[in-house]
>>> print(open('model23.txt').read())   # compact mmCIF, C-alpha atoms (C1' of nucleotides)
# COMPACT_ATOMS: atom_id res chain seq x y z
CA MET A 1 -140.49 118.86 141.81
CA LYS A 2 -139.37 115.28 142.39
CA ILE A 3 -141.04 112.62 140.23
CA VAL A 4 -140.53 108.90 140.64
CA SER A 5 -141.43 105.63 138.95
CA TRP A 6 -141.41 102.28 140.76
CA ASN A 7 -142.60 98.87 139.67
CA VAL A 8 -143.54 97.48 143.08
CA ASN A 9 -144.51 93.94 141.98
CA SER A 10 -147.62 93.82 144.19
CA LEU A 11 -148.66 96.89 146.15
CA LYS A 12 -150.21 94.64 148.77
CA VAL A 13 -146.84 93.13 149.58
CA ARG A 14 -144.84 96.32 149.11
CA LEU A 15 -147.12 98.88 150.81
CA PRO A 16 -144.94 99.15 153.96
CA GLN A 17 -141.90 99.80 151.77
CA VAL A 18 -143.78 102.36 149.68
CA LEU A 19 -144.92 104.22 152.79
CA GLU A 20 -141.40 104.23 154.17
CA TRP A 21 -140.00 105.37 150.83
CA LEU A 22 -142.52 108.23 150.67
CA ALA A 23 -141.68 109.31 154.21
CA THR A 24 -137.96 109.30 153.48
CA TYR A 25 -137.85 110.92 150.04
CA GLN A 26 -141.06 112.98 150.03
CA PRO A 27 -141.48 112.86 146.23
CA ASP A 28 -144.09 115.12 144.66
CA VAL A 29 -145.30 112.35 142.38
CA LEU A 30 -144.83 108.59 142.60
CA CYS A 31 -145.96 106.42 139.69
CA LEU A 32 -146.42 102.74 140.51
CA GLN A 33 -146.68 99.74 138.23
CA GLU A 34 -147.69 96.12 138.80
CA THR A 35 -149.92 96.96 141.74
CA LYS A 36 -151.69 93.62 141.10
CA GLN A 37 -154.81 94.47 143.05
CA GLU A 38 -158.37 95.44 142.22
CA ASP A 39 -159.42 99.02 142.88
CA ILE A 40 -161.66 97.99 145.77
CA ASN A 41 -158.56 96.80 147.62
CA PHE A 42 -156.42 99.88 146.87
CA PRO A 43 -154.84 101.21 150.13
CA LEU A 44 -156.27 104.69 149.68
CA ALA A 45 -156.64 105.50 153.39
CA GLU A 46 -153.01 104.69 154.18
CA LEU A 47 -151.69 106.73 151.26
CA ASN A 48 -154.00 109.67 151.98
CA ALA A 49 -152.79 109.59 155.57
CA ALA A 50 -149.24 109.78 154.23
CA GLY A 51 -150.20 113.00 152.44
CA TYR A 52 -150.80 111.68 148.93
CA GLN A 53 -153.76 111.91 146.62
CA CYS A 54 -154.17 108.95 144.33
CA ILE A 55 -155.59 107.75 141.07
CA PHE A 56 -155.37 104.08 140.19
CA ALA A 57 -156.46 101.44 137.74
CA GLY A 58 -155.93 97.91 138.94
CA GLN A 59 -156.87 94.35 138.19
CA LYS A 60 -156.45 91.03 139.88
CA THR A 61 -153.12 89.19 139.63
CA TYR A 62 -151.51 91.15 136.80
CA ASN A 63 -150.64 94.71 135.77
CA GLY A 64 -152.22 97.68 137.53
CA VAL A 65 -150.95 101.27 137.83
CA ALA A 66 -151.33 104.02 140.40
CA MET A 67 -150.29 107.65 140.61
CA LEU A 68 -149.63 109.29 143.98
CA SER A 69 -149.27 113.05 144.29
CA LYS A 70 -148.96 115.66 147.00
CA GLN A 71 -150.80 118.14 144.77
CA ALA A 72 -154.07 117.74 142.90
CA LEU A 73 -154.22 115.23 140.03
CA GLN A 74 -156.08 117.09 137.31
CA ASP A 75 -157.71 115.84 134.10
CA PRO A 76 -157.01 112.15 134.70
CA ILE A 77 -157.02 109.65 131.86
CA TYR A 78 -157.27 105.89 132.30
CA GLY A 79 -155.71 103.88 129.49
CA ILE A 80 -154.61 105.00 126.03
CA PRO A 81 -157.58 106.77 124.41
CA ASN A 82 -159.07 104.91 121.46
CA PHE A 83 -156.90 101.87 122.08
CA ALA A 84 -158.86 98.89 123.32
CA ASP A 85 -156.92 97.15 126.07
CA GLU A 86 -158.26 95.01 128.88
CA GLN A 87 -154.99 95.33 130.74
CA LYS A 88 -154.55 98.18 133.21
CA ARG A 89 -151.32 99.80 132.13
CA VAL A 90 -151.73 103.56 131.75
CA LEU A 91 -152.66 106.61 133.80
CA ALA A 92 -152.20 110.27 132.98
CA ALA A 93 -152.89 113.40 135.01
CA THR A 94 -151.71 116.98 135.29
CA VAL A 95 -149.84 118.00 138.44
CA ASN A 96 -148.64 121.55 138.95
CA GLY A 97 -148.89 122.18 135.20
CA VAL A 98 -146.90 119.06 134.32
CA ARG A 99 -148.57 116.26 132.40
CA ILE A 100 -147.56 113.02 134.12
CA VAL A 101 -147.99 109.80 132.15
CA ASP A 102 -147.53 106.52 134.06
CA VAL A 103 -147.01 103.45 131.87
CA TYR A 104 -146.50 99.76 132.44
CA ILE A 105 -145.39 98.74 128.98
CA PRO A 106 -146.03 95.05 128.17
CA ASN A 107 -143.19 92.66 128.85
CA GLY A 108 -143.53 90.72 125.59
CA GLN A 109 -142.35 87.43 127.14
CA SER A 110 -140.20 86.41 124.13
CA VAL A 111 -139.72 87.70 120.60
CA ASP A 112 -141.65 84.77 119.09
CA SER A 113 -144.63 85.24 121.39
CA ASP A 114 -148.03 86.77 120.62
CA LYS A 115 -147.34 88.95 123.63
CA TYR A 116 -144.36 90.43 121.81
CA GLN A 117 -146.63 91.48 118.93
CA TYR A 118 -149.02 92.97 121.47
CA LYS A 119 -146.09 94.86 122.98
CA LEU A 120 -145.07 96.38 119.63
CA ALA A 121 -148.67 97.31 118.74
CA TRP A 122 -149.08 98.78 122.21
CA LEU A 123 -145.95 100.91 121.78
CA ASN A 124 -147.26 102.16 118.42
CA ALA A 125 -150.50 103.24 120.06
CA LEU A 126 -148.61 104.93 122.90
CA THR A 127 -146.44 106.89 120.49
CA ALA A 128 -149.43 107.99 118.39
CA TRP A 129 -151.30 109.14 121.49
CA LEU A 130 -148.30 111.01 122.95
CA THR A 131 -147.77 112.79 119.64
CA GLU A 132 -151.14 114.45 120.25
CA GLU A 133 -150.75 114.78 124.00
CA LEU A 134 -147.51 116.76 123.57
CA LYS A 135 -149.35 119.34 121.47
CA THR A 136 -151.66 119.99 124.42
CA TYR A 137 -149.05 119.59 127.13
CA PRO A 138 -145.56 120.84 126.25
CA LYS A 139 -144.48 119.97 129.79
CA LEU A 140 -144.86 116.20 129.73
CA ALA A 141 -143.10 113.41 131.63
CA LEU A 142 -143.42 109.75 130.63
CA LEU A 143 -142.54 107.51 133.57
CA GLY A 144 -142.74 103.82 134.01
CA ASP A 145 -141.58 100.29 133.48
CA TYR A 146 -140.82 100.33 129.76
CA ASN A 147 -139.58 96.75 129.61
CA ILE A 148 -136.97 98.01 127.15
CA ALA A 149 -133.24 98.37 127.71
CA PRO A 150 -132.59 101.13 125.16
CA GLU A 151 -128.87 100.55 124.60
CA ASP A 152 -126.21 97.91 125.22
CA ARG A 153 -124.81 99.98 128.08
CA ASP A 154 -128.15 99.43 129.83
CA VAL A 155 -127.52 95.66 129.88
CA HIS A 156 -125.14 93.76 132.16
CA ASP A 157 -124.25 91.26 129.42
CA PRO A 158 -125.19 92.63 125.98
CA ALA A 159 -123.95 89.52 124.15
CA ALA A 160 -126.18 87.21 126.20
CA TRP A 161 -129.17 89.49 125.73
CA GLU A 162 -128.68 90.33 122.06
CA GLY A 163 -131.94 89.96 120.17
CA GLN A 164 -133.79 88.85 123.30
CA VAL A 165 -136.99 90.40 124.51
CA LEU A 166 -136.34 93.72 126.31
CA CYS A 167 -133.32 94.30 124.06
CA SER A 168 -134.46 93.39 120.54
CA ALA A 169 -134.06 95.84 117.66
CA PRO A 170 -137.81 96.49 117.14
CA GLU A 171 -138.24 97.32 120.82
CA ARG A 172 -135.26 99.66 120.76
CA GLU A 173 -136.67 101.26 117.61
CA ALA A 174 -139.94 101.85 119.46
CA PHE A 175 -137.98 103.51 122.25
CA ARG A 176 -136.24 105.76 119.73
CA ALA A 177 -139.62 106.62 118.23
CA LEU A 178 -140.59 108.04 121.62
CA GLN A 179 -137.33 109.98 121.70
CA ALA A 180 -138.11 111.25 118.20
CA LEU A 181 -141.12 113.03 119.72
CA GLY A 182 -138.58 115.13 121.59
CA LEU A 183 -138.74 113.07 124.77
CA GLN A 184 -135.35 112.80 126.42
CA ASP A 185 -134.03 110.07 128.70
CA SER A 186 -133.57 111.96 131.97
CA PHE A 187 -130.98 109.46 133.20
CA ARG A 188 -128.72 110.21 130.25
CA LEU A 189 -128.92 113.96 130.68
CA PHE A 190 -126.22 113.51 133.30
CA GLU A 191 -122.86 111.84 133.69
CA GLN A 192 -123.60 108.41 135.17
CA PRO A 193 -121.43 105.59 136.48
CA GLU A 194 -121.27 102.45 134.33
CA LYS A 195 -123.48 99.44 134.93
CA ILE A 196 -126.38 101.19 136.60
CA PHE A 197 -129.59 99.19 136.28
CA SER A 198 -133.18 99.35 137.49
CA TRP A 199 -134.15 95.66 137.47
CA TRP A 200 -132.45 92.49 138.62
CA ASP A 201 -133.87 88.97 138.36
CA TYR A 202 -134.83 87.40 141.67
CA ARG A 203 -132.95 84.30 140.61
CA MET A 204 -129.26 83.48 140.38
CA ASN A 205 -128.24 86.04 142.99
CA ALA A 206 -128.61 88.49 140.13
CA PHE A 207 -128.71 91.56 142.35
CA ARG A 208 -125.62 90.65 144.34
CA ARG A 209 -123.79 90.08 141.04
CA ASN A 210 -125.30 93.24 139.50
CA MET A 211 -126.74 91.21 136.62
CA GLY A 212 -129.37 93.79 135.74
CA LEU A 213 -131.03 95.81 133.04
CA ARG A 214 -132.09 99.45 132.93
CA ILE A 215 -135.69 99.12 131.80
CA ASP A 216 -137.45 101.71 133.98
CA HIS A 217 -137.24 105.22 132.62
CA ILE A 218 -138.34 108.82 132.91
CA LEU A 219 -138.55 110.55 129.55
CA LEU A 220 -139.00 114.32 129.55
CA SER A 221 -140.31 116.70 126.94
CA PRO A 222 -137.83 119.45 125.94
CA ALA A 223 -139.37 121.99 128.31
CA LEU A 224 -138.95 119.59 131.24
CA ALA A 225 -135.54 118.25 130.19
CA ALA A 226 -134.28 121.82 130.35
CA ALA A 227 -135.52 122.02 133.93
CA CYS A 228 -134.14 118.64 135.04
CA LYS A 229 -131.57 118.96 137.83
CA SER A 230 -130.80 115.31 138.49
CA ALA A 231 -131.81 111.76 137.60
CA GLN A 232 -130.95 108.68 139.60
CA ILE A 233 -131.90 105.13 140.47
CA ASP A 234 -132.36 104.17 144.11
CA LYS A 235 -130.54 100.87 144.27
CA GLU A 236 -130.86 100.85 148.08
CA ALA A 237 -134.53 99.94 147.79
CA ARG A 238 -133.50 96.66 146.13
CA LYS A 239 -131.38 95.69 149.14
CA VAL A 240 -134.14 95.45 151.74
CA GLU A 241 -135.89 92.34 152.99
CA ARG A 242 -138.44 91.08 150.44
CA PRO A 243 -137.79 93.73 147.78
CA SER A 244 -139.47 94.38 144.49
CA ASP A 245 -137.27 93.19 141.63
CA HIS A 246 -137.30 96.80 140.35
CA ALA A 247 -135.72 99.84 141.98
CA PRO A 248 -137.34 103.29 142.03
CA VAL A 249 -136.07 105.68 139.36
CA PHE A 250 -136.41 109.39 139.91
CA ALA A 251 -135.83 112.79 138.40
CA GLU A 252 -135.74 116.20 140.03
CA LEU A 253 -137.18 119.11 138.10
CA ASP A 254 -136.55 122.78 138.76
CA ILE A 255 -140.25 123.54 138.69
C1' DA B 1 -129.82 72.71 132.93
C1' DT B 2 -135.18 76.54 128.94
C1' DG B 3 -134.27 76.35 135.33
C1' DG B 4 -132.90 79.54 138.81
C1' DC B 5 -137.13 83.42 142.57
C1' DT B 6 -141.43 85.85 143.65
C1' DT B 7 -146.28 86.74 143.31
C1' DC B 8 -151.00 85.46 142.72
C1' DA B 9 -154.86 82.28 142.55
C1' DT B 10 -155.43 78.34 144.38
C1' DA B 11 -155.35 74.13 147.43
C1' DG B 12 -151.23 71.16 144.01
C1' DT B 13 -149.50 73.30 140.67
C1' DG B 14 -149.42 76.74 136.90
C1' DA B 15 -148.82 81.26 134.83
C1' DA B 16 -146.27 85.30 134.41
C1' DG B 17 -142.74 88.33 135.17
C1' DA B 18 -138.08 90.10 132.67
>>> encode(input="model23.txt", output="structure tokens")
Amino acid sequence: MKIVSWNVNSLKVRLPQVLEWLATYQPDVLCLQETKQEDINFPLAELNAAGYQCIFAGQKTYNGVAMLSKQALQDPIYGIPNFADEQKRVLAATVNGVRIVDVYIPNGQSVDSDKYQYKLAWLNALTAWLTEELKTYPKLALLGDYNIAPEDRDVHDPAAWEGQVLCSAPEREAFRALQALGLQDSFRLFEQPEKIFSWWDYRMNAFRRNMGLRIDHILLSPALAAACKSAQIDKEARKVERPSDHAPVFAELDI
DNA sequence: ATGGCTTCATAGTGAAGA
């Protein structure tokens, strides 16, 4: 079972790339973030024709998540239960006995911003919810754009980023709180080359210079981590004409 | 240099992303 997360930064713009990516890699599940379109505009016909069932929660301009699956998406949830949030950032569904949770964690903008406080509160709510969800679903995968680089080795220039949003200590603590639930970073289950990232700024020729961060992740519950065969980031998708600023991250499960 | 690109909503610029 191949599961993937990709922040597409506008599904409207990136749909041709998504369709091509699906055709090439044939993932079982693809979780999208930043679809940036209202549900009425969701390209359901095109994705169905490509062989994928979909659930989605979108809004105009910002945020928006979608989950594409070859198999049925059972018991869907939209948003974190009992956490009031206007922003469309969460989907969950069960596929082939695996609970898939798709998250677009708030960016936070900067550590002195109200949005940073929203990010930390949001992460608290996510962790509290997943604590319960894991009791129901021992096979759980948490995929998405976390907007957190968990360690210095996930940052091209740790000194420049020290204390900045995406790298600050409270954000990294929140990431470790998710790991404390037993969720394991699939990428780090394997030997990986140095300086592998999932996001590069559009500016400054950041991609060409590999000035990136690893902020997109797939965390796996113990039962799934034990079944994980590989975890990688598809940097090639960042090289195409008019790319998203994020690359797809994927994990292969022996399930 | 507090920008640099890209997207969206909008009709000239501004907000947001990370």
>>> atom_distance(input="model23.txt", atom1="atom CA of Ala66 of chain A", atom2="atom C1' of DA9 of chain B")
22.1 Å
>>> closest_atom_pairs(input="model23.txt", of="chain A", to="chain B", cutoff="8 Å", atoms="all atoms listed in the file", output="JSON lines")
{"residue": "A:Asn9", "atom": "CA", "partner": "B:DT7", "partner_atom": "C1'", "distance": 7.5}
{"residue": "A:Ser10", "atom": "CA", "partner": "B:DT7", "partner_atom": "C1'", "distance": 7.3}
{"residue": "A:Thr61", "atom": "CA", "partner": "B:DC8", "partner_atom": "C1'", "distance": 5.3}
{"residue": "A:Asn107", "atom": "CA", "partner": "B:DA18", "partner_atom": "C1'", "distance": 6.9}
{"residue": "A:Gln109", "atom": "CA", "partner": "B:DA18", "partner_atom": "C1'", "distance": 7.5}
{"residue": "A:Asn147", "atom": "CA", "partner": "B:DA18", "partner_atom": "C1'", "distance": 7.5}
{"residue": "A:Leu166", "atom": "CA", "partner": "B:DA18", "partner_atom": "C1'", "distance": 7.5}
{"residue": "A:Asp201", "atom": "CA", "partner": "B:DA18", "partner_atom": "C1'", "distance": 7.2}
{"residue": "A:Tyr202", "atom": "CA", "partner": "B:DC5", "partner_atom": "C1'", "distance": 4.7}
{"residue": "A:Arg203", "atom": "CA", "partner": "B:DC5", "partner_atom": "C1'", "distance": 4.7}
{"residue": "A:Met204", "atom": "CA", "partner": "B:DG4", "partner_atom": "C1'", "distance": 5.6}
>>> atom_distance(input="model23.txt", atom1="atom CA of Ile148 of chain A", atom2="atom CA of Arg242 of chain A")
24.3 Å
>>> residues_near_point(input="model23.txt", point="(-140.7, 94.3, 140.8)", cutoff="10 Å", atoms="all atoms listed in the file", output="PyMOL selection string")
(chain A and resi 6-11+14+33-35+145+198-202+238+243-248) or (chain B and resi 6-7+17-18)
>>> closest_residue(input="model23.txt", among="A:Leu143, A:Leu120, A:Cys54, A:Ile255", to="His217 of chain A", atoms="only C-alpha atoms")
A:Leu143
>>> closest_atom_pairs(input="model23.txt", of="segment 57-77 of chain A", to="segment 94-104 of chain A", cutoff="9 Å", atoms="all atoms listed in the file", output="CSV")
residue,atom,partner,partner_atom,distance
A:Asn63,CA,A:Tyr104,CA,7.3
A:Gly64,CA,A:Tyr104,CA,7.9
A:Val65,CA,A:Tyr104,CA,7.2
A:Ala66,CA,A:Asp102,CA,7.8
A:Met67,CA,A:Asp102,CA,7.2
A:Ser69,CA,A:Val95,CA,7.7
A:Lys70,CA,A:Val95,CA,8.9
A:Gln71,CA,A:Val95,CA,6.4
A:Ala72,CA,A:Val95,CA,6.2
A:Leu73,CA,A:Val95,CA,5.4
A:Gln74,CA,A:Thr94,CA,4.8
A:Asp75,CA,A:Thr94,CA,6.2
A:Pro76,CA,A:Thr94,CA,7.2
>>> write_last_selection(input="model23.txt", atoms="C-alpha atoms", output="CSV table (one decimal), keeping the file's coordinate frame")
chain,number,residue,atom,x,y,z
A,63,ASN,CA,-150.6,94.7,135.8
A,64,GLY,CA,-152.2,97.7,137.5
A,65,VAL,CA,-151.0,101.3,137.8
A,66,ALA,CA,-151.3,104.0,140.4
A,67,MET,CA,-150.3,107.6,140.6
A,69,SER,CA,-149.3,113.0,144.3
A,70,LYS,CA,-149.0,115.7,147.0
A,71,GLN,CA,-150.8,118.1,144.8
A,72,ALA,CA,-154.1,117.7,142.9
A,73,LEU,CA,-154.2,115.2,140.0
A,74,GLN,CA,-156.1,117.1,137.3
A,75,ASP,CA,-157.7,115.8,134.1
A,76,PRO,CA,-157.0,112.2,134.7
>>> residues_near_point(input="model23.txt", point="(-136.5, 83.3, 121.6)", cutoff="10 Å", atoms="all atoms listed in the file", output="VMD selection string")
chain A and resid 109 to 113 163 to 165
>>> atom_distance(input="model23.txt", atom1="atom CA of Ala231 of chain A", atom2="atom CA of Pro106 of chain A")
23.9 Å
>>> closest_residue(input="model23.txt", among="A:Phe42, A:Tyr52, A:Phe175, A:Tyr62", to="Leu22 of chain A", atoms="all atoms listed in the file")
A:Tyr52
>>> residues_around(input="model23.txt", residues="Thr131 of chain A", least_positions_apart="5", cutoff="9 Å", atoms="all atoms listed in the file", output="list in words")
Leu126, Leu178 and Leu181 of chain A
